[in-house]
Amino acid sequence: MTTPPLTSLFIDGEWRPSSTGATFEVRNPATGNLVGVGAAASQEDCAAAVEAAALAFRTWEDSPLSLRRDILLKAADILESPEYKEKVMLSVKEETAAMDDTVVFNHIAPVNEMRNFAGATTRLKGEAFVSWLPGGQAFALRKALGVVLSIAPWNAPIGLTIRATALPIVCGNTVVLKCSEVSPRTQAIIAEIFQKAGLPKGVLNFIATAKEDSAARVAQIIAHPAIRKINFTGSDTVGRHIAVEAAKYLKPCVFELGGKAPVVVLNDADIPRAARAITSSALLHSGQICMSTERVIIQQGAAGALIGELKSLFQQVRAGDPQTNPSVSIGALFTQSSAENVVSMIKEAVEGGAKVLLGDLTRQGAVVQPHIVTNVRPGMRLWERESFGPVVALAVVDTVPDAIAAANASEYSLVAGLWTRDVHTAFDVASKIRAGCTNINGPTVHVEWMRGHGGLGGATGYGRFTIDDWTDIRMMVLHSAAEPPYAVTSRLNTAI
């Protein structure tokens, strides 16, 4: 019997087991097979990771920008290599049951993302300007924050781990990275790559925790005085808990939480193309992407044709285990409880008057077949909450204002889609949809790497992964060489 690979902790430049020897199992969600073991960080391990990052910050914040750039470029080259492409895709398939088409999020895009972040060194600039004081000069310096706690998820483990770590690092911060207990081996690859690229010890520290210990360990790290900021990508439920812990110490956070992406399809839309884009963004990675299309709002004149096209496409997609059945198009959800939640949401909607146009309202372990549900409306959990599964909720409306109102009837605000052939209508309607990014005549699963996504509050969170989010502006004012009259002392007899 093959021994499953062990993923160690990476603290102060060394790979090590947990100080207590504790581990946790990692199982493939489709088969249930044991595919790995992760070292479970103890309180002592978490403290050591923060302290190593704090010590490294003393020198890393003043490191040459050219050094930071070159390390990221070298890391990108290592990740791009055939060796690491194979390593990444093997681990992500084993840990998350991902399909080959997720290579975009776990290899191709992350390589470019790393290079883009390397280029950000050219924008780490301050400014100088004349003070309002006669003879004075003001300087605004852009400085690193300190130690950052980065918590990255399992569903795009390479791309989202790079985003959580690389930009803070290139800005001069040091990082404690906490991975998901679902994908420790995949996410540890980023620490391995940075080590090979020459990143100094302590600048990036990698920890994993057993699920039952996660909340306590995160709270412990947030409470550490060296932690200056937190970023978290994941569910809004967990995000709320992290926000509460951070609020105890008034520490700022960047949150990219859930999505419930609406797609508005107007009467003049290119129906076949819209259907293909919707199907792709709804079913890619079995709907387990924060940008997945979840709600489709159709103007009455386009409803019949679009629904027919969607049904035809969805019928051709089968879910299952790609390791045993190469003909399947999408894989299992990441846990059986997630699959049960998706089915439960659909059943609740049906009880409330919705109709299942396609799907069997069942699950086989963690596998859920694609579903299309019509007559879904606000108030139903299938409308209100992120499903993170292969299901779309359809609603038909009469007017464009009705479509906008339906799209905005959500506490999520990450991305949206709009389909129309009229460019003037496109810009008018898109500007009224409350989303961080609205894709006009394109899929909702799309990111502009030069800007990135960000929520507008609520269940999608707030903040962005930009230079402004990972640096402080600190002012210095050089006062005039000529002494001015100072308040209070100017009235005193200074000759005494």
# chains A, B, ... in the order shown; residues from 1 in each chain; ligands from 1
$ closest_atom_pairs --of "region 88-107 of chain A" --to "region 5-19 of chain A" --cutoff "12 Å" --atoms "only C-alpha atoms" --output "Markdown table"
| residue | atom | partner | partner_atom | distance |
| --- | --- | --- | --- | --- |
| A:Ser91 | CA | A:Pro5 | CA | 10.2 |
| A:Glu94 | CA | A:Pro5 | CA | 11.3 |
| A:Glu95 | CA | A:Pro5 | CA | 11.5 |
$ write_last_selection --atoms "all heavy atoms" --output "compact mmCIF listing (two decimals), in the first residue's frame"
# COMPACT_ATOMS: atom_id res chain seq x y z
N SER A 91 -1.67 17.25 -7.96
CA SER A 91 -2.12 17.47 -6.59
C SER A 91 -3.51 18.08 -6.54
O SER A 91 -4.33 17.71 -5.69
CB SER A 91 -1.12 18.34 -5.83
OG SER A 91 -1.02 19.63 -6.41
N GLU A 94 -6.05 15.37 -7.24
CA GLU A 94 -6.20 14.42 -6.15
C GLU A 94 -6.89 15.04 -4.94
O GLU A 94 -7.74 14.40 -4.30
CB GLU A 94 -4.82 13.87 -5.74
CG GLU A 94 -4.22 12.94 -6.77
CD GLU A 94 -2.94 12.28 -6.28
OE1 GLU A 94 -2.42 12.67 -5.22
OE2 GLU A 94 -2.46 11.35 -6.98
N GLU A 95 -6.57 16.29 -4.63
CA GLU A 95 -7.11 16.90 -3.42
C GLU A 95 -8.51 17.47 -3.61
O GLU A 95 -9.31 17.46 -2.66
CB GLU A 95 -6.18 18.00 -2.92
CG GLU A 95 -4.88 17.47 -2.35
CD GLU A 95 -4.03 18.55 -1.70
OE1 GLU A 95 -3.97 19.67 -2.26
OE2 GLU A 95 -3.43 18.27 -0.65
$ residues_around --residues "Gly365 (chain A)" --least-positions-apart "4" --cutoff "12 Å" --atoms "only C-alpha atoms" --output "PyMOL selection string"
chain A and resi 28-32+319-321+331-340+343+369
$ closest_residue --among "A:Ala208, A:Met345, A:Leu133, A:Leu358" --to "Ala481 (chain A)" --atoms "only C-alpha atoms"
A:Leu133
$ closest_residue --among "A:Thr237, A:Ala210, A:Phe255, A:Leu160" --to "Ile289 (chain A)" --atoms "only C-alpha atoms"
A:Leu160
$ select_by_dssp --residues "region 299-451 of chain A" --states "strand (DSSP E or B)" --output "list in words"
Gln299, Ala319, Ile330, Lys355, Val356, Leu357, Leu358, Gln364, Val367, His371, Ile372, Val373, Thr374, Val391, Val392, Ala393, Leu394, Ala395, Val396, Val397, Val415, Ala416, Gly417, Leu418, Trp419, Cys437, Thr438, Asn439 and Ile440 of chain A
$ closest_residue --among "A:Arg217, A:Arg491, A:Lys251, A:Arg421" --to "Lys229 (chain A)" --atoms "only C-alpha atoms"
A:Lys251
$ residues_around --residues "Leu67 (chain A)" --least-positions-apart "2" --cutoff "12 Å" --atoms "only C-alpha atoms" --output "list in words"
Trp60, Glu61, Asp62, Ser63, Pro64, Leu65, Arg69, Asp70, Ile71, Leu72, Leu73, Lys74, Ala118, Gly119, Thr121, Ile169, Val170, Cys171, Gly172, Ala197, Gly198, Leu199 and Pro200 of chain A
$ residues_around --residues "Val263 (chain A)" --least-positions-apart "5" --cutoff "10 Å" --atoms "only C-alpha atoms" --output "number ranges by chain"
A: 274, 278, 293-298, 394, 403, 407, 415-419, 438-444
$ select_by_dssp --residues "region 110-255 of chain A" --states "helix (DSSP H, G or I)" --output "PyMOL selection string"
chain A and resi 110-123+157-170+184-196+211-223+236-247
$ closest_residue --among "A:Leu283, A:Leu177, A:Leu357, A:Val350" --to "Arg377 (chain A)" --atoms "only C-alpha atoms"
A:Val350
$ residues_around --residues "Pro153 (chain A)" --least-positions-apart "2" --cutoff "10 Å" --atoms "only C-alpha atoms" --output "compact mmCIF listing (two decimals) with N, CA, C and O atoms, in the first residue's frame"
# COMPACT_ATOMS: atom_id res chain seq x y z
N ILE A 151 -5.16 34.01 4.19
CA ILE A 151 -5.92 32.76 4.27
C ILE A 151 -6.53 32.51 2.90
O ILE A 151 -7.41 33.25 2.46
N ASN A 155 -10.49 26.20 -3.83
CA ASN A 155 -11.17 26.01 -5.11
C ASN A 155 -10.37 26.50 -6.32
O ASN A 155 -10.59 26.05 -7.44
N ALA A 156 -9.43 27.42 -6.09
CA ALA A 156 -8.44 27.78 -7.12
C ALA A 156 -7.13 27.93 -6.35
O ALA A 156 -6.61 29.03 -6.19
N PRO A 157 -6.61 26.83 -5.84
CA PRO A 157 -5.58 26.91 -4.79
C PRO A 157 -4.27 27.54 -5.20
O PRO A 157 -3.60 28.14 -4.36
N ILE A 158 -3.90 27.45 -6.48
CA ILE A 158 -2.65 28.08 -6.90
C ILE A 158 -2.85 29.57 -7.15
O ILE A 158 -2.16 30.42 -6.57
N GLY A 159 -3.81 29.92 -7.99
CA GLY A 159 -4.04 31.32 -8.31
C GLY A 159 -4.38 32.16 -7.10
O GLY A 159 -3.84 33.27 -6.91
N LEU A 160 -5.25 31.66 -6.23
CA LEU A 160 -5.68 32.45 -5.08
C LEU A 160 -4.61 32.49 -3.99
O LEU A 160 -4.55 33.46 -3.22
N THR A 161 -3.78 31.47 -3.92
CA THR A 161 -2.67 31.51 -2.96
C THR A 161 -1.62 32.51 -3.40
O THR A 161 -1.06 33.25 -2.58
N ALA A 164 -2.91 35.95 -2.64
CA ALA A 164 -2.92 36.23 -1.21
C ALA A 164 -1.54 36.53 -0.66
O ALA A 164 -1.41 37.16 0.41
N LYS A 178 -2.01 30.70 5.73
CA LYS A 178 -2.77 29.54 6.21
C LYS A 178 -3.54 28.97 5.03
O LYS A 178 -4.34 29.66 4.41
N CYS A 179 -3.30 27.71 4.74
CA CYS A 179 -3.97 27.07 3.61
C CYS A 179 -5.29 26.46 4.05
O CYS A 179 -5.64 26.42 5.23
N SER A 180 -6.04 25.97 3.08
CA SER A 180 -7.25 25.21 3.35
C SER A 180 -6.85 23.79 3.76
O SER A 180 -5.90 23.22 3.23
N GLU A 181 -7.62 23.22 4.68
CA GLU A 181 -7.36 21.82 5.07
C GLU A 181 -7.72 20.86 3.95
O GLU A 181 -7.36 19.68 3.99
N VAL A 182 -8.40 21.37 2.90
CA VAL A 182 -8.75 20.54 1.76
C VAL A 182 -7.56 20.34 0.82
O VAL A 182 -7.42 19.29 0.19
N SER A 183 -6.68 21.35 0.73
CA SER A 183 -5.65 21.32 -0.33
C SER A 183 -4.26 21.74 0.17
O SER A 183 -3.61 22.58 -0.45
N PRO A 184 -3.76 21.18 1.27
CA PRO A 184 -2.46 21.61 1.77
C PRO A 184 -1.31 21.31 0.82
O PRO A 184 -0.39 22.13 0.67
N GLN A 187 -1.28 23.91 -2.12
CA GLN A 187 -0.93 25.26 -1.72
C GLN A 187 0.50 25.37 -1.21
O GLN A 187 1.14 26.42 -1.34
N PHE A 232 -8.58 37.31 3.42
CA PHE A 232 -9.29 36.03 3.43
C PHE A 232 -10.15 35.93 2.20
O PHE A 232 -10.90 36.85 1.86
N THR A 233 -10.05 34.80 1.51
CA THR A 233 -10.94 34.49 0.40
C THR A 233 -11.68 33.21 0.77
O THR A 233 -11.05 32.19 1.07
N GLY A 234 -13.00 33.26 0.77
CA GLY A 234 -13.80 32.11 1.17
C GLY A 234 -15.24 32.51 1.39
O GLY A 234 -15.71 33.51 0.84
N SER A 235 -15.93 31.76 2.20
CA SER A 235 -17.37 32.01 2.41
C SER A 235 -17.60 33.22 3.30
O SER A 235 -16.76 33.57 4.14
$ closest_residue --among "A:Met114, A:Ile221, A:Ala395, A:Ile230" --to "Leu145 (chain A)" --atoms "only C-alpha atoms"
A:Ile230
$ closest_residue --among "A:Arg115, A:Trp154, A:Thr174, A:Ala223" --to "Glu245 (chain A)" --atoms "only C-alpha atoms"
A:Ala223
